[in-house]
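Okay, entry.txt is below, compact mmCIF, C-alpha atoms and all ligand atoms:
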# COMPACT_ATOMS: atom_id res chain seq x y z
CA MET A 1 -10.77 -2.13 13.00
CA LEU A 2 -7.34 -2.39 11.34
CA GLU A 3 -8.88 -2.11 7.90
CA HIS A 4 -9.92 1.46 8.64
CA LEU A 5 -6.54 2.29 10.12
CA TRP A 6 -3.95 1.04 7.67
CA PHE A 7 -5.10 -1.93 5.62
CA PRO A 8 -5.76 -1.32 1.94
CA HIS A 9 -9.48 -1.34 1.18
CA ASP A 10 -10.74 -4.91 0.91
CA VAL A 11 -12.48 -5.87 -2.33
CA SER A 12 -12.29 -9.65 -2.03
CA THR A 13 -14.97 -12.11 -0.92
CA PHE A 14 -12.49 -13.90 1.34
CA GLY A 15 -10.83 -10.68 2.54
CA PRO A 16 -12.80 -10.39 5.81
CA ARG A 17 -11.73 -13.89 6.84
CA ILE A 18 -8.05 -13.07 6.26
CA ASP A 19 -8.40 -9.75 8.07
CA TRP A 20 -10.10 -11.44 11.01
CA LEU A 21 -7.19 -13.89 11.40
CA PHE A 22 -4.67 -11.09 10.95
CA GLU A 23 -6.33 -8.98 13.64
CA LEU A 24 -6.59 -11.89 16.04
CA ILE A 25 -2.86 -12.63 15.71
CA PHE A 26 -2.06 -8.91 15.83
CA TRP A 27 -3.84 -8.43 19.17
CA ILE A 28 -2.31 -11.56 20.69
CA VAL A 29 1.12 -10.22 19.74
CA VAL A 30 0.29 -6.74 21.08
CA ILE A 31 -0.81 -8.17 24.43
CA VAL A 32 2.27 -10.40 24.76
CA TRP A 33 4.57 -7.57 23.69
CA ALA A 34 3.03 -5.19 26.24
CA ALA A 35 3.21 -7.79 29.04
CA VAL A 36 6.86 -8.60 28.30
CA THR A 37 7.89 -4.96 27.96
CA ILE A 38 6.10 -3.82 31.13
CA THR A 39 7.58 -6.73 33.13
CA MET A 40 11.05 -5.97 31.78
CA VAL A 41 10.84 -2.31 32.78
CA ILE A 42 9.54 -3.17 36.26
CA PHE A 43 12.38 -5.67 36.74
CA MET A 44 14.96 -3.20 35.50
CA ILE A 45 13.89 -0.68 38.10
CA ARG A 46 13.24 -3.10 40.92
CA TYR A 47 16.44 -5.11 40.59
CA ARG A 48 18.79 -2.32 39.56
CA ALA A 49 22.30 -2.12 41.04
CA ARG A 50 22.39 -0.51 44.45
CA PRO A 51 25.18 -0.13 46.96
CA GLY A 52 25.49 -3.28 49.04
CA ARG A 53 23.27 -5.44 46.82
CA LYS A 54 24.98 -8.63 45.61
CA ALA A 55 24.22 -10.19 42.26
CA GLU A 56 22.57 -13.59 42.44
CA TYR A 57 23.02 -16.55 40.11
CA ILE A 58 19.61 -17.88 39.07
CA GLU A 59 19.37 -21.24 37.35
CA GLY A 60 15.84 -20.82 36.07
CA ASN A 61 12.42 -22.00 37.09
CA PRO A 62 11.28 -25.22 35.40
CA ARG A 63 7.68 -24.77 36.51
CA LEU A 64 7.40 -21.25 35.08
CA GLU A 65 9.14 -22.31 31.88
CA LEU A 66 6.74 -25.23 31.50
CA ILE A 67 3.76 -22.91 31.99
CA TRP A 68 4.78 -20.32 29.41
CA THR A 69 5.79 -22.95 26.90
CA ALA A 70 2.46 -24.76 27.35
CA ILE A 71 0.45 -21.53 26.99
CA THR A 72 2.36 -20.60 23.81
CA ALA A 73 1.83 -24.08 22.38
CA ALA A 74 -1.88 -23.95 23.22
CA ILE A 75 -2.24 -20.58 21.44
CA MET A 76 -0.41 -21.92 18.37
CA VAL A 77 -2.53 -25.06 18.17
CA THR A 78 -5.74 -23.04 18.65
CA LEU A 79 -4.71 -20.67 15.86
CA ALA A 80 -3.96 -23.62 13.60
CA PHE A 81 -7.46 -25.03 14.13
CA LEU A 82 -9.14 -21.62 13.82
CA SER A 83 -7.42 -20.83 10.52
CA ARG A 84 -7.66 -24.29 9.01
CA SER A 85 -10.97 -23.87 7.20
CA THR A 86 -10.01 -20.42 5.89
CA TRP A 87 -6.79 -21.69 4.32
CA ALA A 88 -8.54 -24.78 2.98
CA ASP A 89 -11.20 -22.63 1.25
CA ILE A 90 -8.68 -20.18 -0.17
CA LYS A 91 -5.65 -22.31 -0.97
CA GLU A 92 -6.95 -25.83 -1.50
CA HIS A 93 -10.37 -25.79 -3.06
CA GLY A 94 -12.75 -22.93 -3.65
CA PRO A 95 -15.67 -22.31 -5.98
CA PRO A 96 -15.61 -23.37 -9.63
CA GLY A 97 -14.21 -20.64 -11.85
CA GLN A 98 -16.11 -18.47 -14.31
CA VAL A 99 -13.13 -16.66 -15.82
CA PHE A 100 -9.73 -18.22 -16.44
CA PHE A 101 -6.22 -16.88 -16.92
CA ASN A 102 -2.64 -18.01 -17.02
CA VAL A 103 -0.26 -15.71 -15.21
CA THR A 104 3.44 -16.18 -15.77
CA ALA A 105 5.89 -14.18 -13.72
CA LYS A 106 9.23 -13.24 -15.18
CA GLN A 107 11.97 -10.75 -14.42
CA PHE A 108 10.33 -8.19 -14.20
CA ASN A 109 6.79 -8.40 -15.46
CA TRP A 110 3.55 -10.30 -15.09
CA GLU A 111 2.49 -12.00 -18.31
CA ILE A 112 -1.29 -12.24 -18.32
CA THR A 113 -2.67 -14.74 -20.81
CA TYR A 114 -6.33 -14.40 -21.83
CA PRO A 115 -8.08 -17.34 -23.47
CA GLY A 116 -8.77 -15.53 -26.75
CA PRO A 117 -12.05 -15.49 -28.73
CA ASP A 118 -12.59 -19.26 -28.35
CA GLY A 119 -12.68 -18.89 -24.55
CA LYS A 120 -10.16 -21.68 -24.04
CA LEU A 121 -6.65 -21.44 -22.68
CA GLY A 122 -3.85 -23.37 -24.30
CA THR A 123 -5.08 -22.74 -27.86
CA LYS A 124 -3.54 -20.75 -30.69
CA ASP A 125 -5.72 -17.66 -30.24
CA ASP A 126 -4.63 -17.04 -26.64
CA VAL A 127 -3.60 -13.45 -26.06
CA THR A 128 -0.78 -12.48 -23.71
CA VAL A 129 -0.33 -8.96 -22.42
CA GLU A 130 2.06 -7.58 -19.85
CA ASN A 131 0.93 -6.32 -16.46
CA GLU A 132 -2.67 -5.56 -17.42
CA MET A 133 -5.25 -7.88 -15.94
CA HIS A 134 -8.92 -7.13 -16.45
CA VAL A 135 -11.58 -9.16 -14.68
CA PRO A 136 -15.34 -8.86 -14.33
CA VAL A 137 -16.74 -7.91 -10.92
CA ASN A 138 -18.54 -10.54 -8.79
CA GLN A 139 -17.23 -13.51 -10.74
CA VAL A 140 -14.89 -16.23 -9.64
CA VAL A 141 -11.53 -15.80 -11.37
CA ARG A 142 -9.15 -18.71 -11.54
CA ILE A 143 -5.48 -18.34 -12.37
CA ASP A 144 -2.84 -20.91 -13.19
CA LEU A 145 0.23 -19.22 -11.80
CA THR A 146 3.80 -20.03 -12.70
CA SER A 147 7.18 -18.40 -13.28
CA LYS A 148 9.71 -18.44 -16.12
CA ASP A 149 12.84 -17.77 -14.13
CA VAL A 150 12.98 -17.25 -10.38
CA ILE A 151 10.48 -17.25 -7.53
CA HIS A 152 8.11 -14.27 -7.58
CA SER A 153 5.06 -13.58 -5.49
CA PHE A 154 1.73 -12.55 -6.99
CA PHE A 155 0.37 -10.04 -4.52
CA VAL A 156 -2.88 -8.09 -4.70
CA PRO A 157 -3.15 -6.30 -1.36
CA ASN A 158 -6.75 -5.20 -1.98
CA LEU A 159 -7.75 -8.82 -2.54
CA ARG A 160 -5.79 -10.13 0.45
CA LEU A 161 -4.21 -12.48 -2.05
CA LYS A 162 -0.56 -13.45 -2.05
CA GLN A 163 0.87 -16.51 -3.73
CA ASP A 164 4.40 -17.48 -4.72
CA ALA A 165 5.00 -18.12 -8.42
CA VAL A 166 7.49 -20.95 -8.72
CA PRO A 167 9.34 -22.02 -11.88
CA GLY A 168 8.39 -25.55 -12.93
CA ARG A 169 5.17 -25.53 -10.93
CA ILE A 170 1.63 -24.42 -11.75
CA ILE A 171 -0.17 -23.12 -8.70
CA HIS A 172 -3.93 -22.58 -8.78
CA VAL A 173 -5.19 -19.31 -7.42
CA TRP A 174 -8.72 -17.96 -7.21
CA PHE A 175 -10.47 -14.80 -6.12
CA GLU A 176 -13.73 -12.95 -6.52
CA ALA A 177 -13.54 -9.17 -6.60
CA THR A 178 -16.52 -7.27 -5.22
CA GLU A 179 -15.86 -3.68 -6.32
CA PRO A 180 -14.88 -2.16 -9.65
CA GLY A 181 -11.60 -0.24 -9.62
CA THR A 182 -7.93 -0.51 -10.40
CA TYR A 183 -5.66 -2.24 -7.93
CA GLU A 184 -1.93 -2.85 -7.82
CA ILE A 185 -0.23 -6.21 -8.39
CA PRO A 186 3.26 -5.82 -6.94
CA CYS A 187 5.76 -8.66 -6.76
CA ALA A 188 6.21 -9.58 -3.11
CA GLU A 189 9.31 -11.73 -3.42
CA LEU A 190 12.73 -10.18 -3.95
CA CYS A 191 13.45 -11.49 -7.44
CA GLY A 192 16.35 -9.49 -8.75
CA PHE A 193 17.50 -6.05 -9.80
CA GLY A 194 14.14 -4.83 -11.12
CA HIS A 195 12.02 -6.27 -8.33
CA SER A 196 10.84 -2.93 -6.97
CA GLY A 197 9.60 -1.91 -10.41
CA MET A 198 7.68 -5.13 -11.00
CA LEU A 199 4.13 -3.89 -10.87
CA GLY A 200 0.97 -4.92 -12.68
CA HIS A 201 -2.55 -3.58 -12.44
CA LEU A 202 -5.78 -5.40 -11.87
CA THR A 203 -8.80 -3.67 -13.32
CA VAL A 204 -12.09 -4.91 -11.94
CA GLN A 205 -14.98 -3.83 -14.14
CA SER A 206 -18.59 -4.49 -14.96
CA GLU A 207 -19.40 -7.44 -17.20
CA ALA A 208 -20.15 -5.09 -20.13
CA ASP A 209 -16.90 -3.13 -19.76
CA TYR A 210 -14.97 -6.37 -19.43
CA GLU A 211 -16.50 -7.76 -22.63
CA LYS A 212 -15.63 -4.53 -24.39
CA TYR A 213 -12.04 -4.70 -23.13
CA LEU A 214 -11.73 -8.28 -24.39
CA LYS A 215 -13.13 -7.34 -27.78
CA ASP A 216 -10.71 -4.42 -28.15
CA THR A 217 -7.76 -6.48 -26.97
CA TYR A 218 -8.54 -9.44 -29.20
CA SER A 219 -9.19 -7.33 -32.26
CA GLY A 220 -5.89 -5.52 -31.74
CA GLN A 221 -3.95 -8.75 -32.21
CU CU B 301 9.43 -10.61 -8.83
Spell out the structure here as structure tokens.
Amino acid sequence: MLEHLWFPHDVSTFGPRIDWLFELIFWIVVIVWAAVTITMVIFMIRYRARPGRKAEYIEGNPRLELIWTAITAAIMVTLAFLSRSTWADIKEHGPPGQVFFNVTAKQFNWEITYPGPDGKLGTKDDVTVENEMHVPVNQVVRIDLTSKDVIHSFFVPNLRLKQDAVPGRIIHVWFEATEPGTYEIPCAELCGFGHSGMLGHLTVQSEADYEKYLKDTYSGQ
């Protein structure tokens, strides 16, 4: 439901699972917020100052406190179990990759490294461009993500993908895009003066268009 209201259009295979968790947490918060607010307003009216009414000192109610703490803890633990498999599939393992990139964040650009004509990363013919990432549709893309200077966050809202880029660490990221198009890659971690202008673009295209892009890019080097 939220996707149609204000989420960016989802083009990721794991997007629906993220959205489902997000909505679940959203509605729990809405219900709790409404209950607390309504109770507060009722109490404000019911126990307002009136002539002749003396204020009372209340020490608390251990039983009530125990109940609301236990309910909150139960909700938290349930959420942890419900989300466990989603996070494991997205953050820990995931399908084997078909297309590979290195992405290096730096103030204030994304350096996208393509494997070059030999198809292998870490060789002399690798090609690095700034902020332009092209991937084929319906293929598993794997990224080794790192940073040159400070912590950044690689964020593709349409993919429901957000991952910190940390200097000195290589973090593995994967996604599979399901619809051709161009999507924004903002930095989601305040990283310095140019943070708000740190924006890349992800172009998801058909296999043929992707091959053509690679050919043009490689031949331009
Ligand atoms: Cu940044």
At most 6 Å from ligand CU 301 (chain B) (only C-alpha atoms and all ligand atoms): residue list as JSON, numbers by chain: {"A": [108, 152, 187, 189, 190, 191, 195]}
Nearest-residue call for A:Ile171, choices A:Asp126, A:Phe101, A:Val156, A:Met198, using all atoms listed in the file: A:Phe101
Spatial neighbours of A:Glu92, 10 Å, all atoms listed in the file, chain gap at least 4 places, as an MDAnalysis selection string: chainID A and resid 85:88 172:174
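The two atoms in question, atom CA of A:Val36 and atom CA of A:Ala73, are spaced 17.3 Å apart.
The closest residue to A:Asp164, picked from A:Ala105, A:Val127, A:Tyr183, A:Ser206 and counting all atoms listed in the file, is A:Ala105.
Minimum distance to A:Ser12 across A:Ser153, A:Asn138, A:Gln205, A:Thr182 (counting only C-alpha atoms) occurs at A:Asn138.
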Just the residues within 8 Å of A:Asn109, please, counting all atoms listed in the file, with nothing from its chain fewer than 5 positions along; format it as an MDAnalysis selection string. chainID A and resid 130:131 198:200
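The interatomic distance for the pair atom CA of A:Val150 and atom CA of A:Lys106 works out to 7.3 Å.
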Taking only residues of stretch 112-181 of chain A that have an atom at most 7 Å from an atom of stretch 93-99 of chain A, what is each one's shortest atom pair and its distance in Å to one decimal, using only C-alpha atoms, in chain and number order, as a tab-separated table?
residue	atom	partner	partner_atom	distance
A:Gln139	CA	A:Gln98	CA	6.2
A:Val140	CA	A:Gly97	CA	5.0
A:Val141	CA	A:Val99	CA	4.8
A:Arg142	CA	A:Gly97	CA	5.4
Show me, as JSON, numbers by chain, the residues that have an atom within 9 Å of A:Gly15 when counting all atoms listed in the file, minus same-chain residues fewer than 5 positions from it. {"A": [10, 20, 158, 159, 160, 161]}
What does the file look like for those residues with C-alpha atoms, as a CSV table (one decimal), in the coordinates of the input?
chain,number,residue,atom,x,y,z
A,10,ASP,CA,-10.7,-4.9,0.9
A,20,TRP,CA,-10.1,-11.4,11.0
A,158,ASN,CA,-6.8,-5.2,-2.0
A,159,LEU,CA,-7.8,-8.8,-2.5
A,160,ARG,CA,-5.8,-10.1,0.4
A,161,LEU,CA,-4.2,-12.5,-2.0
Interatomic distance, atom CA of A:Phe100 to atom CA of A:Glu184 (Å, one decimal): 19.3 Å
If you count all atoms listed in the file, the residue of A:Asn102, A:Gln163, A:Gln107, A:Thr178 closest to A:Leu121 turns out to be A:Asn102
Just checking: using only C-alpha atoms, which residue out of A:Thr203, A:Thr217, A:Asn61, A:Thr72 ends up closest to A:Thr128? A:Thr217
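Comparing the minimum interatomic distances between A:Ala165 and each of A:Ile38, A:Val204, A:Ile45, A:Ile151, counting all atoms listed in the file, we find that A:Ile151 sits nearest.
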In file coordinates, which residues lie within 12 Å of (-7.7, 4.5, 0.3) using only C-alpha atoms, given as a PyMOL selection string? chain A and resi 3-11+157-158+181-183
Taking C-alpha atoms for each residue, export the selection above as a PDB file, in the frame of the given file.
ATOM      1  CA  GLU A   3      -8.880  -2.110   7.900  1.00  0.00           C
ATOM      2  CA  HIS A   4      -9.920   1.460   8.640  1.00  0.00           C
ATOM      3  CA  LEU A   5      -6.540   2.290  10.120  1.00  0.00           C
ATOM      4  CA  TRP A   6      -3.950   1.040   7.670  1.00  0.00           C
ATOM      5  CA  PHE A   7      -5.100  -1.930   5.620  1.00  0.00           C
ATOM      6  CA  PRO A   8      -5.760  -1.320   1.940  1.00  0.00           C
ATOM      7  CA  HIS A   9      -9.480  -1.340   1.180  1.00  0.00           C
ATOM      8  CA  ASP A  10     -10.740  -4.910   0.910  1.00  0.00           C
ATOM      9  CA  VAL A  11     -12.480  -5.870  -2.330  1.00  0.00           C
ATOM     10  CA  PRO A 157      -3.150  -6.300  -1.360  1.00  0.00           C
ATOM     11  CA  ASN A 158      -6.750  -5.200  -1.980  1.00  0.00           C
ATOM     12  CA  GLY A 181     -11.600  -0.240  -9.620  1.00  0.00           C
ATOM     13  CA  THR A 182      -7.930  -0.510 -10.400  1.00  0.00           C
ATOM     14  CA  TYR A 183      -5.660  -2.240  -7.930  1.00  0.00           C
TER      15      TYR A 183
END
